[in-house]
>>> print(open('protein_35.csv').read())   # CSV, C-alpha atoms and all ligand atoms
chain,number,residue,atom,x,y,z
A,729,MET,CA,-13.9,27.0,-26.2
A,730,ILE,CA,-14.0,26.3,-22.5
A,731,GLU,CA,-17.1,27.0,-20.5
A,732,LEU,CA,-16.5,27.7,-16.9
A,733,THR,CA,-19.0,27.4,-14.0
A,734,GLU,CA,-19.9,30.4,-11.9
A,735,LYS,CA,-17.5,29.1,-9.2
A,736,GLU,CA,-14.7,28.7,-11.6
A,737,GLU,CA,-15.3,32.2,-13.1
A,738,LYS,CA,-15.0,33.6,-9.6
A,739,MET,CA,-11.7,31.9,-9.1
A,740,LEU,CA,-10.4,33.2,-12.5
A,741,SER,CA,-11.5,36.8,-11.8
A,742,GLY,CA,-9.6,36.9,-8.5
A,743,GLU,CA,-12.7,37.1,-6.3
A,744,LYS,CA,-11.4,34.0,-4.4
A,745,GLY,CA,-7.9,35.5,-3.9
A,746,ASP,CA,-4.7,35.7,-5.9
A,747,ALA,CA,-3.5,32.1,-5.4
A,748,LYS,CA,-6.7,30.7,-6.9
A,749,ARG,CA,-6.7,33.2,-9.7
A,750,GLU,CA,-3.1,32.2,-10.7
A,751,ALA,CA,-3.9,28.5,-10.4
A,752,MET,CA,-7.1,28.9,-12.5
A,753,GLU,CA,-5.1,30.9,-15.1
A,754,ILE,CA,-2.8,27.9,-15.5
A,755,LEU,CA,-5.7,25.5,-15.9
A,756,VAL,CA,-7.5,27.7,-18.4
A,757,ALA,CA,-4.3,28.1,-20.5
A,758,LEU,CA,-4.0,24.3,-20.5
A,759,ALA,CA,-7.7,23.9,-21.5
A,760,LYS,CA,-7.1,26.3,-24.5
A,761,ILE,CA,-4.0,24.3,-25.7
A,762,TYR,CA,-5.8,21.0,-25.5
A,763,ASN,CA,-9.3,22.2,-26.6
A,764,ALA,CA,-11.0,21.1,-23.4
A,765,GLU,CA,-14.7,22.2,-23.2
A,766,LYS,CA,-15.0,22.1,-19.5
A,767,MET,CA,-13.3,21.5,-16.1
A,768,ILE,CA,-14.0,18.4,-14.2
A,769,PRO,CA,-13.6,17.8,-10.4
A,770,VAL,CA,-10.7,15.7,-9.2
A,771,LYS,CA,-10.8,13.4,-6.2
A,772,SER,CA,-7.0,13.5,-5.4
A,773,VAL,CA,-3.8,15.2,-6.6
A,774,GLN,CA,-0.2,14.2,-6.5
A,775,VAL,CA,2.3,17.0,-6.8
A,776,SER,CA,5.8,16.6,-8.2
A,777,GLY,CA,8.7,19.1,-7.8
A,778,VAL,CA,9.5,18.3,-4.2
A,779,SER,CA,13.2,17.3,-4.1
A,780,TYR,CA,15.6,20.2,-3.6
A,781,LYS,CA,17.9,18.3,-6.0
A,782,THR,CA,15.4,18.6,-8.9
A,783,ILE,CA,13.8,22.0,-8.2
A,784,GLY,CA,16.8,23.8,-6.8
A,785,GLU,CA,16.8,27.3,-5.3
A,786,ALA,CA,14.4,28.7,-7.9
A,787,GLY,CA,11.8,26.0,-7.1
A,788,LEU,CA,12.2,26.6,-3.3
A,789,ILE,CA,11.5,30.3,-3.7
A,790,TYR,CA,8.5,29.6,-6.0
A,791,VAL,CA,6.9,27.1,-3.5
A,792,LYS,CA,7.7,29.4,-0.5
A,793,LYS,CA,6.1,32.4,-2.2
A,794,LEU,CA,3.0,30.4,-3.2
A,795,ALA,CA,2.5,29.3,0.4
A,796,GLU,CA,3.0,32.8,1.8
A,797,HIS,CA,0.5,34.2,-0.8
A,798,GLY,CA,-2.2,32.0,0.6
A,799,ALA,CA,-2.2,29.0,-1.8
A,800,ARG,CA,-4.3,26.2,-0.1
A,801,VAL,CA,-5.3,22.8,-1.5
A,802,VAL,CA,-9.0,21.9,-1.5
A,803,VAL,CA,-8.7,18.1,-2.3
A,804,PRO,CA,-6.6,15.4,-0.8
A,805,THR,CA,-3.1,16.1,-2.1
A,806,PHE,CA,0.1,14.2,-1.7
A,807,LEU,CA,3.8,14.8,-2.6
A,808,ASN,CA,6.2,13.0,-4.8
A,809,PRO,CA,9.4,11.8,-3.1
A,810,ALA,CA,11.7,14.4,-1.6
A,811,GLY,CA,15.5,14.4,-1.6
A,812,MET,CA,15.8,12.7,1.7
A,813,ASP,CA,14.0,10.7,4.5
A,814,CYS,CA,12.8,13.6,6.6
A,815,LEU,CA,13.6,11.7,9.8
A,816,GLN,CA,16.6,9.6,8.8
A,817,TRP,CA,18.6,12.0,6.6
A,818,GLN,CA,21.6,11.9,8.9
A,819,LYS,CA,21.7,8.1,8.7
A,820,MET,CA,21.6,8.4,4.9
A,821,GLY,CA,24.5,10.8,4.9
A,822,VAL,CA,22.6,13.7,3.3
A,823,PRO,CA,24.6,17.0,3.7
A,824,LYS,CA,23.1,19.4,6.2
A,825,ASN,CA,22.9,22.3,3.8
A,826,PHE,CA,20.8,20.2,1.5
A,827,ALA,CA,18.6,19.0,4.4
A,828,ASP,CA,17.9,22.5,5.6
A,829,ARG,CA,16.7,23.6,2.1
A,830,GLN,CA,14.7,20.4,1.6
A,831,MET,CA,12.8,21.0,4.9
A,832,LYS,CA,11.9,24.6,3.8
A,833,ILE,CA,10.2,23.1,0.7
A,834,ILE,CA,8.4,20.5,2.7
A,835,ARG,CA,7.2,23.1,5.2
A,836,SER,CA,5.9,25.3,2.4
A,837,TYR,CA,3.9,22.5,1.0
A,838,SER,CA,2.6,21.6,4.4
A,839,LYS,CA,1.4,25.2,4.9
A,840,MET,CA,-0.7,24.7,1.8
A,841,GLY,CA,-2.5,21.8,3.5
A,842,ILE,CA,-0.7,19.1,1.5
A,843,GLU,CA,-0.2,15.7,3.3
A,844,LEU,CA,3.4,15.1,4.2
A,845,SER,CA,3.5,11.7,2.5
A,846,CYS,CA,6.2,11.9,-0.2
A,847,THR,CA,5.7,8.9,-2.3
A,848,CYS,CA,5.4,7.8,-5.9
A,849,THR,CA,3.0,5.0,-4.8
A,850,PRO,CA,0.2,6.8,-3.1
A,851,TYR,CA,-2.0,3.9,-4.2
A,852,LEU,CA,-0.1,1.7,-1.7
A,853,ALA,CA,-0.3,4.3,1.0
A,854,GLY,CA,-4.1,4.9,1.4
A,855,VAL,CA,-5.0,6.8,-1.8
A,856,ARG,CA,-6.3,4.1,-4.1
A,857,PRO,CA,-8.5,5.7,-6.8
A,858,LYS,CA,-11.5,3.7,-8.1
A,859,LYS,CA,-12.1,2.8,-11.8
A,860,GLY,CA,-13.3,5.8,-13.7
A,861,GLU,CA,-12.3,8.3,-11.0
A,862,HIS,CA,-10.8,11.5,-12.2
A,863,ILE,CA,-7.5,12.5,-10.5
A,864,ALA,CA,-4.6,14.8,-11.3
A,865,TRP,CA,-1.3,13.0,-10.6
A,866,ALA,CA,2.1,14.1,-11.6
A,867,GLU,CA,4.7,11.3,-11.1
A,868,SER,CA,4.9,9.3,-14.3
A,869,SER,CA,4.9,5.8,-12.7
A,870,ALA,CA,2.0,6.7,-10.5
A,871,VAL,CA,0.1,8.1,-13.5
A,872,VAL,CA,0.6,4.9,-15.6
A,873,PHE,CA,-0.4,2.7,-12.6
A,874,ALA,CA,-3.5,4.7,-11.8
A,875,ASN,CA,-4.7,4.7,-15.5
A,876,SER,CA,-3.8,1.1,-16.2
A,877,VAL,CA,-4.0,-1.1,-13.1
A,878,LEU,CA,-6.7,0.9,-11.3
A,879,GLY,CA,-8.6,2.2,-14.3
A,880,ALA,CA,-8.6,5.7,-12.9
A,881,ARG,CA,-8.2,8.7,-15.2
A,882,THR,CA,-5.3,11.2,-15.2
A,883,ASN,CA,-3.1,12.9,-17.6
A,884,ARG,CA,0.7,13.1,-17.0
A,885,GLU,CA,0.5,16.4,-15.0
A,886,GLY,CA,3.4,18.7,-14.5
A,887,GLY,CA,4.2,20.1,-11.1
A,888,PRO,CA,2.5,23.5,-11.6
A,889,SER,CA,-0.6,22.0,-13.3
A,890,ALA,CA,-1.1,19.4,-10.5
A,891,LEU,CA,-0.7,22.1,-7.9
A,892,ALA,CA,-3.2,24.3,-9.7
A,893,ALA,CA,-5.7,21.4,-9.8
A,894,ALA,CA,-5.2,20.9,-6.0
A,895,ILE,CA,-5.8,24.6,-5.3
A,896,CYS,CA,-8.9,24.8,-7.5
A,897,GLY,CA,-10.2,21.2,-7.2
A,898,VAL,CA,-10.6,20.8,-10.9
A,899,THR,CA,-8.7,19.9,-14.1
A,900,PRO,CA,-9.4,20.5,-17.8
A,901,ASN,CA,-11.3,17.6,-19.4
A,902,TYR,CA,-9.0,16.4,-22.1
A,903,GLY,CA,-6.5,13.6,-22.9
A,904,LEU,CA,-6.9,10.5,-20.8
A,905,HIS,CA,-10.0,11.8,-19.0
A,906,LEU,CA,-11.9,11.0,-22.2
A,907,ASP,CA,-12.9,7.5,-23.5
A,908,GLU,CA,-11.8,8.1,-27.0
A,909,ASN,CA,-8.2,8.7,-25.9
A,910,ARG,CA,-7.9,5.5,-23.9
A,911,ILE,CA,-7.6,3.1,-26.9
A,912,ALA,CA,-4.4,1.0,-27.2
A,913,GLU,CA,-2.7,1.4,-30.6
A,914,VAL,CA,0.0,-1.3,-30.1
A,915,LEU,CA,-0.5,-5.0,-29.4
A,916,VAL,CA,2.4,-6.7,-27.6
A,917,ASP,CA,2.6,-10.4,-27.7
A,918,VAL,CA,4.7,-11.5,-24.7
A,919,LYS,CA,6.6,-14.7,-25.6
A,920,ALA,CA,9.4,-14.4,-23.1
A,921,LYS,CA,9.0,-16.2,-19.8
A,922,LEU,CA,9.0,-13.4,-17.2
A,923,LYS,CA,9.7,-14.3,-13.6
A,924,SER,CA,11.1,-11.4,-11.6
A,925,ILE,CA,10.3,-7.8,-11.2
A,926,ASN,CA,13.4,-6.9,-13.1
A,927,ASP,CA,12.2,-9.1,-16.0
A,928,TYR,CA,9.0,-7.0,-16.2
A,929,SER,CA,11.0,-3.9,-15.8
A,930,ALA,CA,13.3,-4.8,-18.6
A,931,MET,CA,10.3,-5.5,-20.9
A,932,GLY,CA,8.9,-2.1,-20.0
A,933,TYR,CA,12.1,-0.4,-20.8
A,934,TYR,CA,12.2,-2.1,-24.2
A,935,ILE,CA,8.6,-1.5,-25.1
A,936,GLY,CA,8.6,2.1,-23.8
A,937,LYS,CA,11.5,3.0,-26.1
A,938,LEU,CA,9.5,1.5,-29.1
A,939,VAL,CA,6.1,3.0,-28.4
A,940,GLY,CA,6.9,6.4,-27.0
A,941,GLN,CA,3.6,8.1,-26.1
A,942,LYS,CA,1.3,5.4,-27.5
A,943,HIS,CA,-0.7,3.0,-25.3
A,944,PRO,CA,0.5,-0.7,-25.5
A,945,ALA,CA,-1.8,-3.7,-24.8
A,946,PHE,CA,-0.1,-6.8,-23.6
A,947,LYS,CA,-1.2,-10.4,-24.3
A,948,GLY,CA,0.5,-13.2,-22.4
A,949,ILE,CA,0.9,-11.8,-18.9
A,950,PRO,CA,-2.5,-12.6,-17.2
A,951,GLY,CA,-0.7,-13.8,-14.0
A,952,ALA,CA,1.4,-10.7,-13.5
A,953,THR,CA,1.4,-9.5,-9.9
A,954,GLU,CA,0.7,-5.9,-8.9
A,955,ASP,CA,4.3,-5.3,-8.1
A,956,GLN,CA,5.3,-6.6,-11.5
A,957,LEU,CA,2.8,-4.3,-13.3
A,958,LYS,CA,4.1,-1.4,-11.1
A,959,SER,CA,7.6,-2.1,-12.4
A,960,LEU,CA,6.5,-2.6,-16.0
A,961,GLY,CA,4.5,0.7,-16.1
A,962,ALA,CA,7.3,2.7,-14.4
A,963,ALA,CA,9.9,1.5,-17.0
A,964,MET,CA,7.7,2.3,-20.0
A,965,ALA,CA,7.0,5.8,-18.6
A,966,ALA,CA,10.7,6.3,-18.2
A,967,SER,CA,12.1,5.0,-21.5
A,968,GLY,CA,9.1,6.3,-23.4
A,969,ALA,CA,6.2,8.5,-22.2
A,970,VAL,CA,3.6,5.7,-21.7
A,971,ALA,CA,0.7,6.9,-19.5
A,972,LEU,CA,-1.7,3.9,-20.0
A,973,PHE,CA,-1.3,0.3,-20.9
A,974,TYR,CA,-3.6,-2.8,-20.8
A,975,ALA,CA,-2.8,-6.4,-19.9
A,976,LYS,CA,-5.3,-8.9,-21.1
A,977,GLY,CA,-7.1,-10.6,-18.2
A,978,ARG,CA,-5.3,-8.4,-15.7
A,979,THR,CA,-6.3,-4.7,-16.1
A,980,PRO,CA,-9.8,-3.5,-15.5
A,981,GLU,CA,-10.1,-2.1,-19.1
A,982,TRP,CA,-9.0,-3.6,-22.4
A,983,LYS,CA,-9.7,-1.4,-25.4
A,984,VAL,CA,-7.6,-2.0,-28.5
A,985,SER,CA,-7.8,-0.3,-31.9
A,986,ASP,CA,-9.2,-2.4,-34.8
A,987,SER,CA,-5.8,-2.4,-36.6
A,988,PRO,CA,-3.1,-2.2,-34.0
A,989,GLU,CA,0.6,-2.1,-34.6
A,990,LYS,CA,2.0,-5.5,-33.5
A,991,ILE,CA,5.2,-6.3,-31.5
A,992,SER,CA,6.6,-9.5,-30.0
A,993,PHE,CA,8.7,-9.6,-26.9
A,994,THR,CA,10.8,-12.7,-26.8
A,995,GLU,CA,13.7,-14.2,-24.7
A,996,LYS,CA,16.1,-12.5,-27.2
A,997,GLU,CA,14.8,-8.9,-26.4
A,998,LEU,CA,14.7,-9.7,-22.7
A,999,LYS,CA,18.3,-10.8,-22.6
A,1000,GLU,CA,19.6,-7.9,-24.7
A,1001,THR,CA,17.8,-5.3,-22.7
A,1002,LYS,CA,19.1,-6.7,-19.4
A,1003,GLU,CA,22.6,-6.6,-20.8
A,1004,GLU,CA,22.2,-3.1,-22.1
A,1005,LEU,CA,21.2,-1.9,-18.6
A,1006,ASP,CA,23.9,-3.7,-16.6
A,1007,SER,CA,27.4,-2.4,-16.2
A,1008,GLU,CA,28.3,-5.8,-14.5
A,1009,GLU,CA,30.2,-4.3,-11.6
A,1010,LYS,CA,30.1,-4.7,-7.9
A,1011,PRO,CA,27.9,-1.8,-6.6
A,1012,GLU,CA,28.7,0.5,-3.7
A,1013,LEU,CA,25.0,1.1,-3.1
A,1014,VAL,CA,22.1,-1.2,-3.8
A,1015,THR,CA,18.7,0.4,-4.1
A,1016,ILE,CA,15.4,-1.4,-4.0
A,1017,GLY,CA,12.0,0.3,-4.3
A,1018,CYS,CA,11.6,2.1,-7.6
A,1019,PRO,CA,8.6,2.7,-7.6
A,1020,HIS,CA,8.4,2.7,-3.8
A,1021,ALA,CA,8.3,-0.8,-2.4
A,1022,SER,CA,5.2,-2.6,-1.4
A,1023,LEU,CA,5.0,-4.5,1.9
A,1024,LYS,CA,5.4,-7.8,0.0
A,1025,GLU,CA,8.6,-6.5,-1.7
A,1026,ILE,CA,10.0,-5.5,1.7
A,1027,ALA,CA,9.1,-8.9,3.1
A,1028,LYS,CA,11.0,-10.6,0.3
A,1029,VAL,CA,14.1,-8.5,1.0
A,1030,THR,CA,13.8,-9.2,4.7
A,1031,LYS,CA,13.8,-12.9,4.0
A,1032,LEU,CA,16.9,-12.7,1.8
A,1033,VAL,CA,19.0,-10.5,4.0
A,1034,SER,CA,18.0,-12.4,7.2
A,1035,ARG,CA,19.5,-15.5,5.7
A,1036,LYS,CA,22.7,-13.9,4.5
A,1037,LYS,CA,24.0,-10.4,5.3
A,1038,PRO,CA,24.9,-8.5,2.2
A,1039,ASP,CA,28.4,-7.0,2.0
A,1040,VAL,CA,27.2,-3.6,0.5
A,1041,HIS,CA,25.2,-0.5,1.6
A,1042,PHE,CA,21.6,-1.1,0.7
A,1043,TRP,CA,18.4,1.0,0.8
A,1044,VAL,CA,14.8,0.0,0.5
A,1045,CYS,CA,12.7,3.0,-0.5
A,1046,THR,CA,9.0,3.1,0.4
A,1047,SER,CA,6.2,5.4,1.6
A,1048,ARG,CA,5.7,6.3,5.3
A,1049,LYS,CA,2.6,4.2,5.6
A,1050,VAL,CA,4.2,1.1,4.2
A,1051,ARG,CA,7.3,1.7,6.3
A,1052,LYS,CA,5.1,1.9,9.4
A,1053,LYS,CA,3.6,-1.5,8.5
A,1054,ALA,CA,7.1,-2.9,7.9
A,1055,VAL,CA,8.1,-1.7,11.4
A,1056,GLU,CA,5.1,-3.5,12.9
A,1057,LYS,CA,6.0,-6.7,11.1
A,1058,GLY,CA,9.6,-6.6,12.3
A,1059,TYR,CA,11.0,-6.2,8.8
A,1060,VAL,CA,12.7,-2.9,9.4
A,1061,LYS,CA,14.6,-4.2,12.4
A,1062,LYS,CA,15.8,-7.2,10.5
A,1063,ILE,CA,16.9,-5.2,7.4
A,1064,GLU,CA,18.8,-2.7,9.7
A,1065,LYS,CA,20.4,-5.7,11.4
A,1066,ALA,CA,21.7,-6.8,8.0
A,1067,GLY,CA,23.2,-3.3,7.4
A,1068,GLY,CA,20.4,-1.8,5.3
A,1069,LEU,CA,18.1,1.2,5.7
A,1070,VAL,CA,14.3,1.3,5.0
A,1071,LEU,CA,13.8,4.9,3.9
A,1072,ALA,CA,10.5,6.8,3.5
A,1073,ASP,CA,9.8,10.0,1.7
A,1074,THR,CA,12.7,9.7,-0.8
A,1075,CYS,CA,14.3,7.6,-3.5
A,1076,MET,CA,17.7,6.7,-5.0
A,1077,VAL,CA,17.1,9.1,-7.9
A,1078,VAL,CA,16.0,12.3,-6.2
A,1079,SER,CA,18.4,12.1,-3.3
A,1080,PRO,CA,21.9,13.6,-3.7
A,1081,ILE,CA,23.7,10.3,-3.9
A,1082,TRP,CA,26.6,11.7,-6.0
A,1083,GLU,CA,27.3,14.3,-3.3
A,1084,MET,CA,27.1,11.5,-0.7
A,1085,GLY,CA,30.0,9.8,-2.5
A,1086,PHE,CA,28.4,7.0,-4.4
A,1087,ARG,CA,29.6,6.3,-7.9
A,1088,VAL,CA,28.4,2.7,-8.7
A,1089,SER,CA,24.9,1.9,-7.7
A,1090,ALA,CA,22.5,-1.0,-8.5
A,1091,ALA,CA,18.8,-1.4,-9.0
A,1092,ASN,CA,16.3,-4.1,-9.9
A,1093,SER,CA,14.3,-1.4,-11.7
A,1094,ALA,CA,15.0,-0.2,-15.2
A,1095,LYS,CA,13.5,3.2,-14.4
A,1096,ALA,CA,16.0,3.6,-11.6
A,1097,ALA,CA,18.8,2.3,-13.8
A,1098,LYS,CA,18.1,4.9,-16.5
A,1099,TYR,CA,17.9,7.8,-14.1
A,1100,LEU,CA,20.7,6.8,-11.8
A,1101,ARG,CA,22.9,6.9,-15.0
A,1102,ASN,CA,21.5,10.0,-16.5
A,1103,LEU,CA,20.6,12.2,-13.5
A,1104,CYS,CA,22.9,10.9,-10.8
A,1105,HIS,CA,26.1,10.3,-12.8
A,1106,GLN,CA,26.3,6.7,-11.6
A,1107,ARG,CA,27.7,3.6,-13.2
A,1108,VAL,CA,24.7,1.2,-12.9
A,1109,CYS,CA,24.2,-2.5,-12.2
A,1110,PHE,CA,20.8,-4.0,-13.1
A,1111,GLY,CA,19.6,-7.4,-11.9
A,1112,THR,CA,17.3,-9.3,-9.6
A,1113,THR,CA,17.2,-8.2,-6.0
A,1114,LYS,CA,19.3,-11.3,-5.0
A,1115,ASP,CA,21.8,-10.7,-7.8
A,1116,ILE,CA,22.5,-7.1,-7.0
A,1117,LEU,CA,22.6,-7.6,-3.2
A,1118,TYR,CA,25.2,-10.4,-3.4
A,1119,ARG,CA,27.2,-9.5,-6.5
A,1120,ARG,CA,30.9,-10.3,-6.2
A,1121,LYS,CA,32.7,-8.7,-9.2
B,1,LIG,FE1,9.6,6.6,-7.6
B,1,LIG,FE2,12.0,7.6,-7.5
B,1,LIG,FE3,11.5,5.5,-9.0
B,1,LIG,S1,10.1,8.8,-7.6
B,1,LIG,S2,9.3,5.7,-9.6
B,1,LIG,S3,11.3,5.6,-6.8
B,1,LIG,S4,12.7,7.2,-9.6
>>> encode(input="protein_35.csv", output="structure tokens", more="lines below")
Ligand code: F3S
Amino acid sequence: MIELTEKEEKMLSGEKGDAKREAMEILVALAKIYNAEKMIPVKSVQVSGVSYKTIGEAGLIYVKKLAEHGARVVVPTFLNPAGMDCLQWQKMGVPKNFADRQMKIIRSYSKMGIELSCTCTPYLAGVRPKKGEHIAWAESSAVVFANSVLGARTNREGGPSALAAAICGVTPNYGLHLDENRIAEVLVDVKAKLKSINDYSAMGYYIGKLVGQKHPAFKGIPGATEDQLKSLGAAMAASGAVALFYAKGRTPEWKVSDSPEKISFTEKELKETKEELDSEEKPELVTIGCPHASLKEIAKVTKLVSRKKPDVHFWVCTSRKVRKKAVEKGYVKKIEKAGGLVLADTCMVVSPIWEMGFRVSAANSAKAAKYLRNLCHQRVCFGTTKDILYRRK
């Protein structure tokens, strides 16, 4: 049975207004389902349900009403990617009707006091939670990165529960907020030699499918870079529902059960997974930055395309903050000169690429490959950044 503080009781009774009452009702309902005994304060929130493509007219009306009824956030809160770059949507080729509706959603969130930074990598854009910090994040790749690579604590929030946490400043204390639920049940022995981001992504895709919601612990990747771990986690969260993993010698925590299930990942699984994800065509659109690209990833793309101009449309998706740094470094200018776009606030999956005429797209991310196929009706090419940018057939 949940015990609420006096302040939380006041929110629930409606003394602090209807918006807080409704938000607290959502949190209390969750607490009952998961047997949470108390609420805990959260330091930051990431809200999903931003793209008009994913939430549609019903979502737009819901968010608009919430803002008009006085919903206001009380902790630093950020948005997941929207359906377009708010400044460059015309360059992208987004239909005007879509853009108008997308802007209504963004303006409603802004009215609630939410920062207009629409990214799935808030941790690269100024919000980097510390080890042990409680947060309420919603986007699955951000959740798994925060729990695993940063050692912060969040459940996989839904859009409404994350927004409720932002409005009340608390979340029910259950799931991955508790020590006892942060133990890996599966030990993965990585025998394959992983080099690129898409190798890590392919491994994540394979392991995620096998483990589902369980927490895997990896042996054999102590030298993985942050970008590689970002890709690994995103893929596991997409093919399974992984919200936490460990990598020996690499993640701040390493807690494995006494008798874990054991899996090996060898060259054979790596090769088969890459083949499964790749349609082996020449793409019409190459997309890089799932999860949103770091400055290092943008630097690598810049180097590649400055040497040889790709003969294909290509997007690099990132956050506003990282894009700004990329402008300062001169990367954006060079990528644009090579025919590409560096987009902020959006991504290949939540933008209306089908409506924009694309039918065959490419990614170096297994998460993007999965959703481009399932949600965007694309035939999908999967490979290294270099491979997909210069593919001939
Ligand atoms: Fe981010 Fe979009 Fe990929 S939200 S994780 S870039 S599908």
>>> closest_residue(input="protein_35.csv", among="A:Ile1081, A:Met812, A:Leu1117, A:Ile789", to="A:His1105", atoms="all atoms listed in the file")
A:Ile1081
>>> closest_residue(input="protein_35.csv", among="A:Asn1102, A:Asn825, A:Thr979, A:Ser992", to="ligand LIG 1 (chain B)", atoms="only C-alpha atoms and all ligand atoms")
A:Asn1102
>>> atom_distance(input="protein_35.csv", atom1="atom CA of A:Gly887", atom2="atom CA of A:Ala1094")
23.4 Å
>>> closest_residue(input="protein_35.csv", among="A:Val872, A:Leu904, A:Ile1063, A:Leu972", to="A:Arg1035", atoms="all atoms listed in the file")
A:Ile1063
>>> closest_residue(input="protein_35.csv", among="A:Ile1016, A:Val770, A:Cys814, A:Ile761", to="ligand LIG 1 (chain B)", atoms="only C-alpha atoms and all ligand atoms")
A:Ile1016
>>> closest_atom_pairs(input="protein_35.csv", of="chain A", to="ligand LIG 1 (chain B)", cutoff="7 Å", atoms="only C-alpha atoms and all ligand atoms", output="CSV")
residue,atom,partner,partner_atom,distance
A:Asn808,CA,B:LIG1,S1,6.4
A:Pro809,CA,B:LIG1,S1,5.5
A:Thr847,CA,B:LIG1,S1,6.9
A:Cys848,CA,B:LIG1,FE1,4.7
A:Glu867,CA,B:LIG1,S1,6.9
A:Ser869,CA,B:LIG1,S2,5.4
A:Ala962,CA,B:LIG1,S2,6.0
A:Gly1017,CA,B:LIG1,S3,5.9
A:Cys1018,CA,B:LIG1,S3,3.6
A:Pro1019,CA,B:LIG1,S2,3.7
A:His1020,CA,B:LIG1,S3,5.1
A:Cys1045,CA,B:LIG1,S3,7.0
A:Cys1075,CA,B:LIG1,FE2,4.6
A:Met1076,CA,B:LIG1,FE2,6.3
A:Val1077,CA,B:LIG1,S4,5.1
A:Val1078,CA,B:LIG1,FE2,6.3
A:Lys1095,CA,B:LIG1,FE3,6.2
A:Ala1096,CA,B:LIG1,S4,5.3
A:Tyr1099,CA,B:LIG1,S4,6.9
>>> closest_residue(input="protein_35.csv", among="A:Lys1049, A:Glu734, A:Phe873, A:Lys1028", to="A:Phe973", atoms="only C-alpha atoms")
A:Phe873
>>> atom_distance(input="protein_35.csv", atom1="atom CA of A:Asp907", atom2="atom CA of A:Ala853")
27.7 Å
>>> closest_residue(input="protein_35.csv", among="A:Ala764, A:Ala799, A:Leu922, A:Leu1103", to="A:Pro950", atoms="only C-alpha atoms")
A:Leu922
>>> atom_distance(input="protein_35.csv", atom1="atom CA of A:Ala975", atom2="atom CA of A:Glu1003")
25.4 Å
>>> residues_near_point(input="protein_35.csv", point="(9.8, 1.9, 3.0)", cutoff="9 Å", atoms="all atoms listed in the file", output="list in words")
Gly1017, His1020, Ala1021, Ser1022, Leu1023, Ile1026, Trp1043, Val1044, Cys1045, Thr1046, Ser1047, Arg1048, Lys1049, Val1050, Arg1051, Lys1052, Lys1053, Ala1054, Val1060, Leu1069, Val1070, Leu1071, Ala1072 and Asp1073 of chain A
>>> residues_around(input="protein_35.csv", residues="A:Ala747", least_positions_apart="3", cutoff="7 Å", atoms="all atoms listed in the file", output="number ranges by chain")
A: 750-751, 797-799
>>> residues_near_point(input="protein_35.csv", point="(1.7, 8.1, -20.9)", cutoff="7 Å", atoms="all atoms listed in the file", output="VMD selection string")
chain A and resid 872 884 941 965 969 to 972
>>> axis_aligned_box(input="protein_35.csv", around="stretch 735-750 of chain A", padding_each_side="8 Å", output="lines of an AutoDock Vina configuration file")
center_x = -10.3
center_y = 32.9
center_z = -8.5
size_x = 30.4
size_y = 24.4
size_z = 25.2
>>> residues_around(input="protein_35.csv", residues="A:Glu913", least_positions_apart="2", cutoff="12 Å", atoms="all atoms listed in the file", output="mmCIF file with C-alpha atoms, in the coordinates of the input")
data_model
loop_
_atom_site.group_PDB
_atom_site.id
_atom_site.type_symbol
_atom_site.label_atom_id
_atom_site.label_comp_id
_atom_site.auth_asym_id
_atom_site.auth_seq_id
_atom_site.Cartn_x
_atom_site.Cartn_y
_atom_site.Cartn_z
ATOM 1 C CA GLU A 908 -11.800 8.100 -27.000
ATOM 2 C CA ASN A 909 -8.200 8.700 -25.900
ATOM 3 C CA ARG A 910 -7.900 5.500 -23.900
ATOM 4 C CA ILE A 911 -7.600 3.100 -26.900
ATOM 5 C CA LEU A 915 -0.500 -5.000 -29.400
ATOM 6 C CA VAL A 916 2.400 -6.700 -27.600
ATOM 7 C CA VAL A 939 6.100 3.000 -28.400
ATOM 8 C CA GLY A 940 6.900 6.400 -27.000
ATOM 9 C CA GLN A 941 3.600 8.100 -26.100
ATOM 10 C CA LYS A 942 1.300 5.400 -27.500
ATOM 11 C CA HIS A 943 -0.700 3.000 -25.300
ATOM 12 C CA PRO A 944 0.500 -0.700 -25.500
ATOM 13 C CA ALA A 945 -1.800 -3.700 -24.800
ATOM 14 C CA PHE A 946 -0.100 -6.800 -23.600
ATOM 15 C CA VAL A 970 3.600 5.700 -21.700
ATOM 16 C CA LEU A 972 -1.700 3.900 -20.000
ATOM 17 C CA PHE A 973 -1.300 0.300 -20.900
ATOM 18 C CA TYR A 974 -3.600 -2.800 -20.800
ATOM 19 C CA TRP A 982 -9.000 -3.600 -22.400
ATOM 20 C CA LYS A 983 -9.700 -1.400 -25.400
ATOM 21 C CA VAL A 984 -7.600 -2.000 -28.500
ATOM 22 C CA SER A 985 -7.800 -0.300 -31.900
ATOM 23 C CA ASP A 986 -9.200 -2.400 -34.800
ATOM 24 C CA SER A 987 -5.800 -2.400 -36.600
ATOM 25 C CA PRO A 988 -3.100 -2.200 -34.000
ATOM 26 C CA GLU A 989 0.600 -2.100 -34.600
ATOM 27 C CA LYS A 990 2.000 -5.500 -33.500
ATOM 28 C CA ILE A 991 5.200 -6.300 -31.500
#
>>> residues_around(input="protein_35.csv", residues="A:Pro900", least_positions_apart="4", cutoff="12 Å", atoms="all atoms listed in the file", output="ChimeraX atom specification")
/A:729-732,736,752-770,862-864,882-883,885,889-890,892-893,896,904-906
>>> residues_around(input="protein_35.csv", residues="A:Gly841", least_positions_apart="5", cutoff="10 Å", atoms="all atoms listed in the file", output="VMD selection string")
chain A and resid 795 799 to 806 835 to 836 894 to 895
